[in-house]
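Structure data follow from work_9.tsv (TSV, N, CA and C atoms):
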chain	number	residue	atom	x	y	z
A	1	MET	N	-14.82	14.00	-16.92
A	1	MET	CA	-14.44	13.42	-15.64
A	1	MET	C	-13.73	14.50	-14.82
A	2	LEU	N	-14.06	14.57	-13.60
A	2	LEU	CA	-13.41	15.55	-12.73
A	2	LEU	C	-12.00	15.11	-12.39
A	3	GLN	N	-11.11	16.07	-12.26
A	3	GLN	CA	-9.72	15.76	-11.94
A	3	GLN	C	-9.62	15.00	-10.63
A	4	ALA	N	-10.43	15.34	-9.66
A	4	ALA	CA	-10.38	14.65	-8.36
A	4	ALA	C	-10.76	13.18	-8.50
A	5	ALA	N	-11.55	12.84	-9.50
A	5	ALA	CA	-11.97	11.46	-9.69
A	5	ALA	C	-10.87	10.60	-10.28
A	6	ASN	N	-9.89	11.21	-10.93
A	6	ASN	CA	-8.79	10.46	-11.52
A	6	ASN	C	-7.46	10.98	-10.97
A	7	PRO	N	-6.82	10.23	-10.09
A	7	PRO	CA	-5.59	10.70	-9.46
A	7	PRO	C	-4.43	10.86	-10.44
A	8	LEU	N	-4.55	10.30	-11.64
A	8	LEU	CA	-3.48	10.43	-12.63
A	8	LEU	C	-3.44	11.82	-13.26
A	9	CYS	N	-4.53	12.54	-13.21
A	9	CYS	CA	-4.60	13.84	-13.86
A	9	CYS	C	-3.55	14.82	-13.35
A	10	ARG	N	-3.21	14.74	-12.10
A	10	ARG	CA	-2.22	15.69	-11.57
A	10	ARG	C	-0.82	15.41	-12.11
A	11	HIS	N	-0.63	14.27	-12.77
A	11	HIS	CA	0.67	13.91	-13.32
A	11	HIS	C	0.69	13.95	-14.85
A	12	ILE	N	-0.29	14.54	-15.47
A	12	ILE	CA	-0.46	14.46	-16.91
A	12	ILE	C	0.70	15.09	-17.68
A	13	ARG	N	1.39	16.02	-17.09
A	13	ARG	CA	2.49	16.70	-17.79
A	13	ARG	C	3.87	16.45	-17.17
A	14	ILE	N	4.04	15.35	-16.49
A	14	ILE	CA	5.34	15.07	-15.87
A	14	ILE	C	6.38	14.82	-16.96
A	15	GLN	N	7.61	15.21	-16.68
A	15	GLN	CA	8.69	15.01	-17.64
A	15	GLN	C	9.80	14.12	-17.10
A	16	GLU	N	9.70	13.74	-15.83
A	16	GLU	CA	10.73	12.92	-15.23
A	16	GLU	C	10.09	11.97	-14.23
A	17	LEU	N	10.53	10.72	-14.27
A	17	LEU	CA	10.02	9.74	-13.31
A	17	LEU	C	10.90	9.77	-12.07
A	18	THR	N	10.38	10.34	-11.01
A	18	THR	CA	11.11	10.44	-9.76
A	18	THR	C	10.83	9.22	-8.89
A	19	PRO	N	11.66	8.97	-7.88
A	19	PRO	CA	11.37	7.85	-6.96
A	19	PRO	C	9.99	7.97	-6.31
A	20	GLU	N	9.58	9.19	-6.02
A	20	GLU	CA	8.26	9.39	-5.41
A	20	GLU	C	7.14	8.99	-6.36
A	21	LEU	N	7.26	9.37	-7.64
A	21	LEU	CA	6.25	8.98	-8.62
A	21	LEU	C	6.25	7.47	-8.84
A	22	LEU	N	7.41	6.88	-8.87
A	22	LEU	CA	7.51	5.43	-9.03
A	22	LEU	C	6.78	4.71	-7.91
A	23	ARG	N	6.97	5.17	-6.68
A	23	ARG	CA	6.28	4.55	-5.54
A	23	ARG	C	4.77	4.76	-5.64
A	24	GLU	N	4.35	5.89	-6.20
A	24	GLU	CA	2.92	6.15	-6.31
A	24	GLU	C	2.27	5.30	-7.41
A	25	PHE	N	2.95	5.10	-8.53
A	25	PHE	CA	2.38	4.39	-9.67
A	25	PHE	C	2.55	2.87	-9.61
A	26	VAL	N	3.64	2.39	-9.02
A	26	VAL	CA	3.95	0.96	-9.06
A	26	VAL	C	3.74	0.33	-7.69
A	27	GLN	N	2.91	-0.70	-7.65
A	27	GLN	CA	2.66	-1.42	-6.40
A	27	GLN	C	3.80	-2.40	-6.12
A	28	SER	N	4.23	-3.16	-7.15
A	28	SER	CA	5.34	-4.08	-6.98
A	28	SER	C	5.92	-4.45	-8.34
A	29	ILE	N	7.19	-4.85	-8.33
A	29	ILE	CA	7.87	-5.35	-9.51
A	29	ILE	C	8.50	-6.68	-9.12
A	30	THR	N	8.19	-7.73	-9.90
A	30	THR	CA	8.75	-9.05	-9.65
A	30	THR	C	9.54	-9.47	-10.88
A	31	VAL	N	10.81	-9.84	-10.67
A	31	VAL	CA	11.65	-10.34	-11.75
A	31	VAL	C	11.88	-11.82	-11.50
A	32	TYR	N	11.46	-12.64	-12.45
A	32	TYR	CA	11.58	-14.09	-12.32
A	32	TYR	C	12.91	-14.58	-12.91
A	33	PRO	N	13.38	-15.75	-12.48
A	33	PRO	CA	14.67	-16.29	-12.95
A	33	PRO	C	14.77	-16.42	-14.47
A	34	ASP	N	13.63	-16.63	-15.15
A	34	ASP	CA	13.67	-16.78	-16.60
A	34	ASP	C	13.65	-15.44	-17.34
A	35	GLY	N	13.73	-14.32	-16.58
A	35	GLY	CA	13.80	-12.99	-17.18
A	35	GLY	C	12.47	-12.30	-17.35
A	36	ILE	N	11.37	-12.96	-17.04
A	36	ILE	CA	10.06	-12.33	-17.13
A	36	ILE	C	9.91	-11.32	-16.00
A	37	ILE	N	9.37	-10.16	-16.34
A	37	ILE	CA	9.14	-9.09	-15.36
A	37	ILE	C	7.64	-8.86	-15.25
A	38	ASN	N	7.14	-8.84	-14.02
A	38	ASN	CA	5.73	-8.58	-13.76
A	38	ASN	C	5.63	-7.29	-12.95
A	39	ILE	N	4.88	-6.33	-13.48
A	39	ILE	CA	4.67	-5.05	-12.80
A	39	ILE	C	3.22	-4.95	-12.38
A	40	MET	N	2.99	-4.75	-11.09
A	40	MET	CA	1.64	-4.54	-10.57
A	40	MET	C	1.48	-3.03	-10.37
A	41	TRP	N	0.51	-2.45	-11.07
A	41	TRP	CA	0.31	-1.00	-11.05
A	41	TRP	C	-0.73	-0.60	-10.01
A	42	ASN	N	-0.55	0.56	-9.45
A	42	ASN	CA	-1.61	1.22	-8.70
A	42	ASN	C	-2.48	1.96	-9.72
A	43	TYR	N	-3.67	2.31	-9.38
A	43	TYR	CA	-4.57	3.09	-10.25
A	43	TYR	C	-4.94	2.34	-11.52
A	44	LYS	N	-4.95	1.01	-11.50
A	44	LYS	CA	-5.29	0.26	-12.71
A	44	LYS	C	-6.62	0.71	-13.28
A	45	GLU	N	-7.59	0.97	-12.42
A	45	GLU	CA	-8.91	1.39	-12.91
A	45	GLU	C	-8.85	2.71	-13.67
A	46	ALA	N	-7.90	3.56	-13.36
A	46	ALA	CA	-7.78	4.83	-14.08
A	46	ALA	C	-7.33	4.59	-15.51
A	47	PHE	N	-6.54	3.55	-15.75
A	47	PHE	CA	-6.09	3.23	-17.10
A	47	PHE	C	-7.19	2.55	-17.91
A	48	ASP	N	-8.18	1.99	-17.26
A	48	ASP	CA	-9.25	1.27	-17.94
A	48	ASP	C	-10.37	2.20	-18.41
A	49	ILE	N	-10.32	3.47	-18.07
A	49	ILE	CA	-11.36	4.41	-18.44
A	49	ILE	C	-11.14	4.81	-19.91
A	50	PRO	N	-12.10	4.52	-20.81
A	50	PRO	CA	-11.89	4.76	-22.24
A	50	PRO	C	-11.76	6.23	-22.63
A	51	ASP	N	-12.44	7.13	-21.94
A	51	ASP	CA	-12.41	8.54	-22.32
A	51	ASP	C	-11.98	9.37	-21.11
A	52	MET	N	-10.71	9.33	-20.78
A	52	MET	CA	-10.20	10.06	-19.63
A	52	MET	C	-9.89	11.49	-20.04
A	53	THR	N	-10.46	12.44	-19.35
A	53	THR	CA	-10.14	13.84	-19.60
A	53	THR	C	-9.69	14.48	-18.30
A	54	CYS	N	-8.70	15.33	-18.42
A	54	CYS	CA	-8.18	16.05	-17.27
A	54	CYS	C	-8.25	17.54	-17.58
A	55	GLU	N	-8.76	18.29	-16.65
A	55	GLU	CA	-8.87	19.73	-16.86
A	55	GLU	C	-7.91	20.47	-15.97

As structure tokens, what does this structure read like?
Amino acid sequence: MLQAANPLCRHIRIQELTPELLREFVQSITVYPDGIINIMWNYKEAFDIPDMTCE
């Protein structure tokens, strides 16, 4: 897979979650009164690829 085809490849070696990366990866976070947390991710399709390679 080409790196341009998977936007996650440019972050493959990150060591710190910055506010900018959080905004890029997370679409929304909902915390319900019963303590359940729902995270809606951006790039969900990139996580569904069984053989992701980054060069």

(request) Give me, please, the distance in Å between atom C of Pro19 (chain A) and atom N of Pro33 (chain A), quoted to one decimal. (result)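 Taking atom C of Pro19 (chain A) as the start and atom N of Pro33 (chain A) as the end point, the length is 24.7 Å.
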
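Atom N of Gln15 (chain A) is found 28.9 Å from CA of Gly35 (chain A).
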
(request) Kindly give the distance, in Å, that separates CA of Ile14 (chain A) and CA of Thr30 (chain A), rounded to a single decimal. (result)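 Between CA of Ile14 (chain A) and CA of Thr30 (chain A) the gap works out to 25.1 Å.
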
Could you put an axis-aligned box around every listed atom of region 33-37 of chain A, padded by 4 Å on each side, and send me its centre and edge lengths in Å to one decimal, as lines of an AutoDock Vina configuration file?
center_x = 11.2
center_y = -12.8
center_z = -14.9
size_x = 15.1
size_y = 15.9
size_z = 12.9

(request) Identify the residues around (7.3, 0.6, -12.7) within a radius of 12 Å, measuring from only C-alpha atoms in the coordinates stated by the file, and give them as a ChimeraX atom specification. (result) /A:17-31,37-42
